[in-house]
Amino acid sequence: SSSSSSRGANRINRGGTTIPLPQLFQPLYSTKESNTNTIDINNDGTLISTTTNNNNNRVSISKPPIHWTVPNFKVGYQDPITGQWFDEDGPRNGPPQNYWRQSVDEREYNDDMSVVDAVLSSFDIESKVQHLEHRCSVRRPSLSRKMLGVWAPIMLGGDCMAYNDRPSDDGRMIEIPFLVEIRRSQGRRFGPKNHYGIFDLKLQSGEDLAVVTTNTNTGEGDDDDGSSMMISAKIKADEKNEPMDLGKVMGREEGGADADTAHPRLQFGGITYLSDYAMVQRRPDGAIDFFLRVDRNYLGATKEDKARYHLV
């Protein structure tokens, strides 16, 4: 089946053939032909398993949808030629309530997605990443709730991990070799409800975390020869945010791929930018890791979450 949606000025469209996911998740993954993985996700957003089809498997993801800070309001946009304002119900008299907040949400989203396009096109990456880093408002990113979730490594150590070689639009899928999940070892925890919803609780320094990769090409063998490179690491949340090497993973294997792209090293820490949609890490040598959000936990607790975790 195919899925597409649009909302407001962004006209966010998602396409491709989708795999079955729990009802609370709109499709962020898709299967394209026979060489792409099937991903299973728990109702709490954590990964269950991957199912491989052959020896050249990829995970296909789409850009995450925009997170509107003020829930349940109608997104408005203005016709640049006529000046007429519209929302989902049609023409309206002037901009909608909270339009200033909508504009901020759109600008922040577009800034993050511009880095995705820069990485995929290998153009102007450093300056666009620096733009994000300079406006990062997260005081202690290594303890932020936004760090938790499922991430797609678009770039590791300055090397592009995506198979795509041109910028993606809102409907095109991005293919990568594996996903990274960062989760609380003791299970998901939520903070108190606020005006915008219920979200994951902020981490405490010393709290137990698990970092797990889903690797489509793992097998029996040694890490040195690249035949078994799946990571499942237990770490501690640390406000110092120091880089930690977790080992090698199976990366992008294709004609001409060098060791850095075929067998990249995964780092945790050194976070210089964090948002609902993206995470940037810097290696000790300054090289960039760029991760794109895959799960939907950043949108807040769903009705299913509230029932499961007894949230008021």
# chains A, B, ... in the order shown; residues from 1 in each chain; ligands from 1

call {"tool": "closest_atom_pairs", "arguments": {"of": "region 58-139 of chain A", "to": "region 179-201 of chain A", "cutoff": "9 Å", "atoms": "only C-alpha atoms", "output": "CSV"}}
result
residue,atom,partner,partner_atom,distance
A:Val59,CA,A:Leu179,CA,7.8
A:Thr69,CA,A:Tyr196,CA,6.6
A:Val70,CA,A:Tyr196,CA,6.1
A:Pro71,CA,A:Tyr196,CA,6.4

call {"tool": "closest_atom_pairs", "arguments": {"of": "region 98-193 of chain A", "to": "region 284-301 of chain A", "cutoff": "7 Å", "atoms": "only C-alpha atoms", "output": "JSON lines"}}
result
{"residue": "A:Lys146", "atom": "CA", "partner": "A:Tyr298", "partner_atom": "CA", "distance": 6.8}
{"residue": "A:Gly149", "atom": "CA", "partner": "A:Asp295", "partner_atom": "CA", "distance": 6.2}
{"residue": "A:Val150", "atom": "CA", "partner": "A:Asp295", "partner_atom": "CA", "distance": 5.3}
{"residue": "A:Trp151", "atom": "CA", "partner": "A:Arg293", "partner_atom": "CA", "distance": 4.8}
{"residue": "A:Ala152", "atom": "CA", "partner": "A:Leu292", "partner_atom": "CA", "distance": 5.0}
{"residue": "A:Pro153", "atom": "CA", "partner": "A:Phe291", "partner_atom": "CA", "distance": 4.5}
{"residue": "A:Ile154", "atom": "CA", "partner": "A:Phe291", "partner_atom": "CA", "distance": 5.6}
{"residue": "A:Met155", "atom": "CA", "partner": "A:Phe290", "partner_atom": "CA", "distance": 4.9}
{"residue": "A:Leu156", "atom": "CA", "partner": "A:Asp289", "partner_atom": "CA", "distance": 4.4}
{"residue": "A:Gly157", "atom": "CA", "partner": "A:Ala287", "partner_atom": "CA", "distance": 5.0}
{"residue": "A:Gly158", "atom": "CA", "partner": "A:Ile288", "partner_atom": "CA", "distance": 4.8}

call {"tool": "residues_around", "arguments": {"residues": "region 245-251 of chain A", "least_positions_apart": "4", "cutoff": "6 Å", "atoms": "only C-alpha atoms", "output": "compact mmCIF listing (two decimals) with N, CA and C atoms, in the first residue's frame"}}
result
# COMPACT_ATOMS: atom_id res chain seq x y z
N PRO A 177 22.04 1.45 5.75
CA PRO A 177 22.35 0.05 6.06
C PRO A 177 21.85 -0.44 7.41
N MET A 229 28.96 -7.54 13.09
CA MET A 229 29.17 -6.19 13.57
C MET A 229 27.88 -5.58 14.09
N MET A 230 27.18 -6.30 14.92
CA MET A 230 25.99 -5.77 15.54
C MET A 230 26.32 -5.30 16.94
N THR A 261 33.29 3.52 5.07
CA THR A 261 31.86 3.43 4.78
C THR A 261 31.36 1.99 4.91
N ALA A 262 32.20 1.00 4.62
CA ALA A 262 31.78 -0.40 4.72
C ALA A 262 31.77 -0.87 6.17
N HIS A 263 32.72 -0.40 6.98
CA HIS A 263 32.84 -0.83 8.38
C HIS A 263 33.06 0.39 9.27
N PRO A 264 32.09 1.30 9.37
CA PRO A 264 32.28 2.50 10.18
C PRO A 264 32.25 2.19 11.67
N ARG A 265 32.82 3.07 12.46
CA ARG A 265 32.77 2.95 13.91
C ARG A 265 31.62 3.81 14.43
N LEU A 266 30.92 3.28 15.41
CA LEU A 266 29.78 3.99 16.00
C LEU A 266 30.23 4.67 17.28
N GLN A 267 29.88 5.94 17.41
CA GLN A 267 30.22 6.73 18.59
C GLN A 267 28.95 7.13 19.33

call {"tool": "atom_distance", "arguments": {"atom1": "CA of Gln204 (chain A)", "atom2": "CA of Asp112 (chain A)"}}
result
26.7 Å

call {"tool": "atom_distance", "arguments": {"atom1": "CA of Val75 (chain A)", "atom2": "CA of Asn93 (chain A)"}}
result
13.5 Å

call {"tool": "residues_around", "arguments": {"residues": "Ser144 (chain A)", "least_positions_apart": "5", "cutoff": "8 Å", "atoms": "only C-alpha atoms", "output": "PyMOL selection string"}}
result
chain A and resi 138+202-203

call {"tool": "residues_around", "arguments": {"residues": "Gly269 (chain A)", "least_positions_apart": "2", "cutoff": "6 Å", "atoms": "only C-alpha atoms", "output": "PyMOL selection string"}}
result
chain A and resi 241-244+271

call {"tool": "write_last_selection", "arguments": {"atoms": "N, CA, C and O atoms", "output": "tab-separated table (two decimals), in the first residue's frame"}}
result
chain	number	residue	atom	x	y	z
A	241	ASN	N	28.99	14.47	28.41
A	241	ASN	CA	28.80	14.40	26.96
A	241	ASN	C	30.09	14.05	26.23
A	241	ASN	O	30.36	14.53	25.13
A	242	GLU	N	30.90	13.21	26.83
A	242	GLU	CA	32.17	12.86	26.20
A	242	GLU	C	31.98	11.75	25.17
A	242	GLU	O	31.21	10.82	25.39
A	243	PRO	N	32.70	11.81	24.04
A	243	PRO	CA	32.57	10.78	23.00
A	243	PRO	C	33.01	9.41	23.51
A	243	PRO	O	34.01	9.29	24.22
A	244	MET	N	32.24	8.39	23.16
A	244	MET	CA	32.54	7.02	23.56
A	244	MET	C	32.48	6.13	22.33
A	244	MET	O	31.46	6.10	21.63
A	271	ILE	N	27.64	15.17	21.57
A	271	ILE	CA	26.47	15.74	20.90
A	271	ILE	C	26.59	17.26	20.86
A	271	ILE	O	26.77	17.90	21.90

call {"tool": "closest_residue", "arguments": {"among": "A:Cys136, A:Asp260, A:Phe268, A:Phe73", "to": "Val211 (chain A)", "atoms": "only C-alpha atoms"}}
result
A:Phe268

call {"tool": "residues_around", "arguments": {"residues": "Lys74 (chain A)", "least_positions_apart": "5", "cutoff": "10 Å", "atoms": "only C-alpha atoms", "output": "mmCIF file with N, CA and C atoms, in the first residue's frame"}}
result
data_model
loop_
_atom_site.group_PDB
_atom_site.id
_atom_site.type_symbol
_atom_site.label_atom_id
_atom_site.label_comp_id
_atom_site.auth_asym_id
_atom_site.auth_seq_id
_atom_site.Cartn_x
_atom_site.Cartn_y
_atom_site.Cartn_z
ATOM 1 N N ARG A 7 -0.210 18.780 5.175
ATOM 2 C CA ARG A 7 -0.743 19.621 6.212
ATOM 3 C C ARG A 7 -0.065 20.974 6.134
ATOM 4 N N GLY A 8 -0.849 22.028 5.847
ATOM 5 C CA GLY A 8 -0.329 23.375 5.885
ATOM 6 C C GLY A 8 0.666 23.646 4.796
ATOM 7 N N PHE A 86 -5.377 30.414 3.853
ATOM 8 C CA PHE A 86 -6.094 29.143 3.809
ATOM 9 C C PHE A 86 -5.711 28.291 5.011
ATOM 10 N N ASP A 87 -6.595 27.372 5.357
ATOM 11 C CA ASP A 87 -6.268 26.273 6.255
ATOM 12 C C ASP A 87 -6.923 25.010 5.705
ATOM 13 N N GLU A 88 -6.971 23.959 6.483
ATOM 14 C CA GLU A 88 -7.493 22.684 5.969
ATOM 15 C C GLU A 88 -8.971 22.762 5.577
ATOM 16 N N ASP A 89 -9.674 23.782 6.073
ATOM 17 C CA ASP A 89 -11.086 23.933 5.737
ATOM 18 C C ASP A 89 -11.325 24.845 4.545
ATOM 19 N N PRO A 96 -4.015 32.051 11.019
ATOM 20 C CA PRO A 96 -4.653 31.359 12.144
ATOM 21 C C PRO A 96 -4.031 31.770 13.475
ATOM 22 N N GLN A 97 -4.729 31.446 14.540
ATOM 23 C CA GLN A 97 -4.185 31.683 15.871
ATOM 24 C C GLN A 97 -2.897 30.874 16.032
ATOM 25 N N ASN A 98 -1.928 31.463 16.739
ATOM 26 C CA ASN A 98 -0.620 30.834 16.969
ATOM 27 C C ASN A 98 0.187 30.670 15.679
ATOM 28 N N TYR A 99 -0.080 31.530 14.692
ATOM 29 C CA TYR A 99 0.678 31.423 13.444
ATOM 30 C C TYR A 99 2.170 31.678 13.662
ATOM 31 N N GLN A 102 3.631 28.447 14.589
ATOM 32 C CA GLN A 102 3.695 27.598 13.403
ATOM 33 C C GLN A 102 4.905 27.963 12.552
#

call {"tool": "closest_residue", "arguments": {"among": "A:Ser60, A:Gln281, A:Asn72, A:Ser205", "to": "Leu143 (chain A)", "atoms": "only C-alpha atoms"}}
result
A:Ser205

call {"tool": "atom_distance", "arguments": {"atom1": "CA of Asp105 (chain A)", "atom2": "CA of Ile66 (chain A)"}}
result
7.6 Å
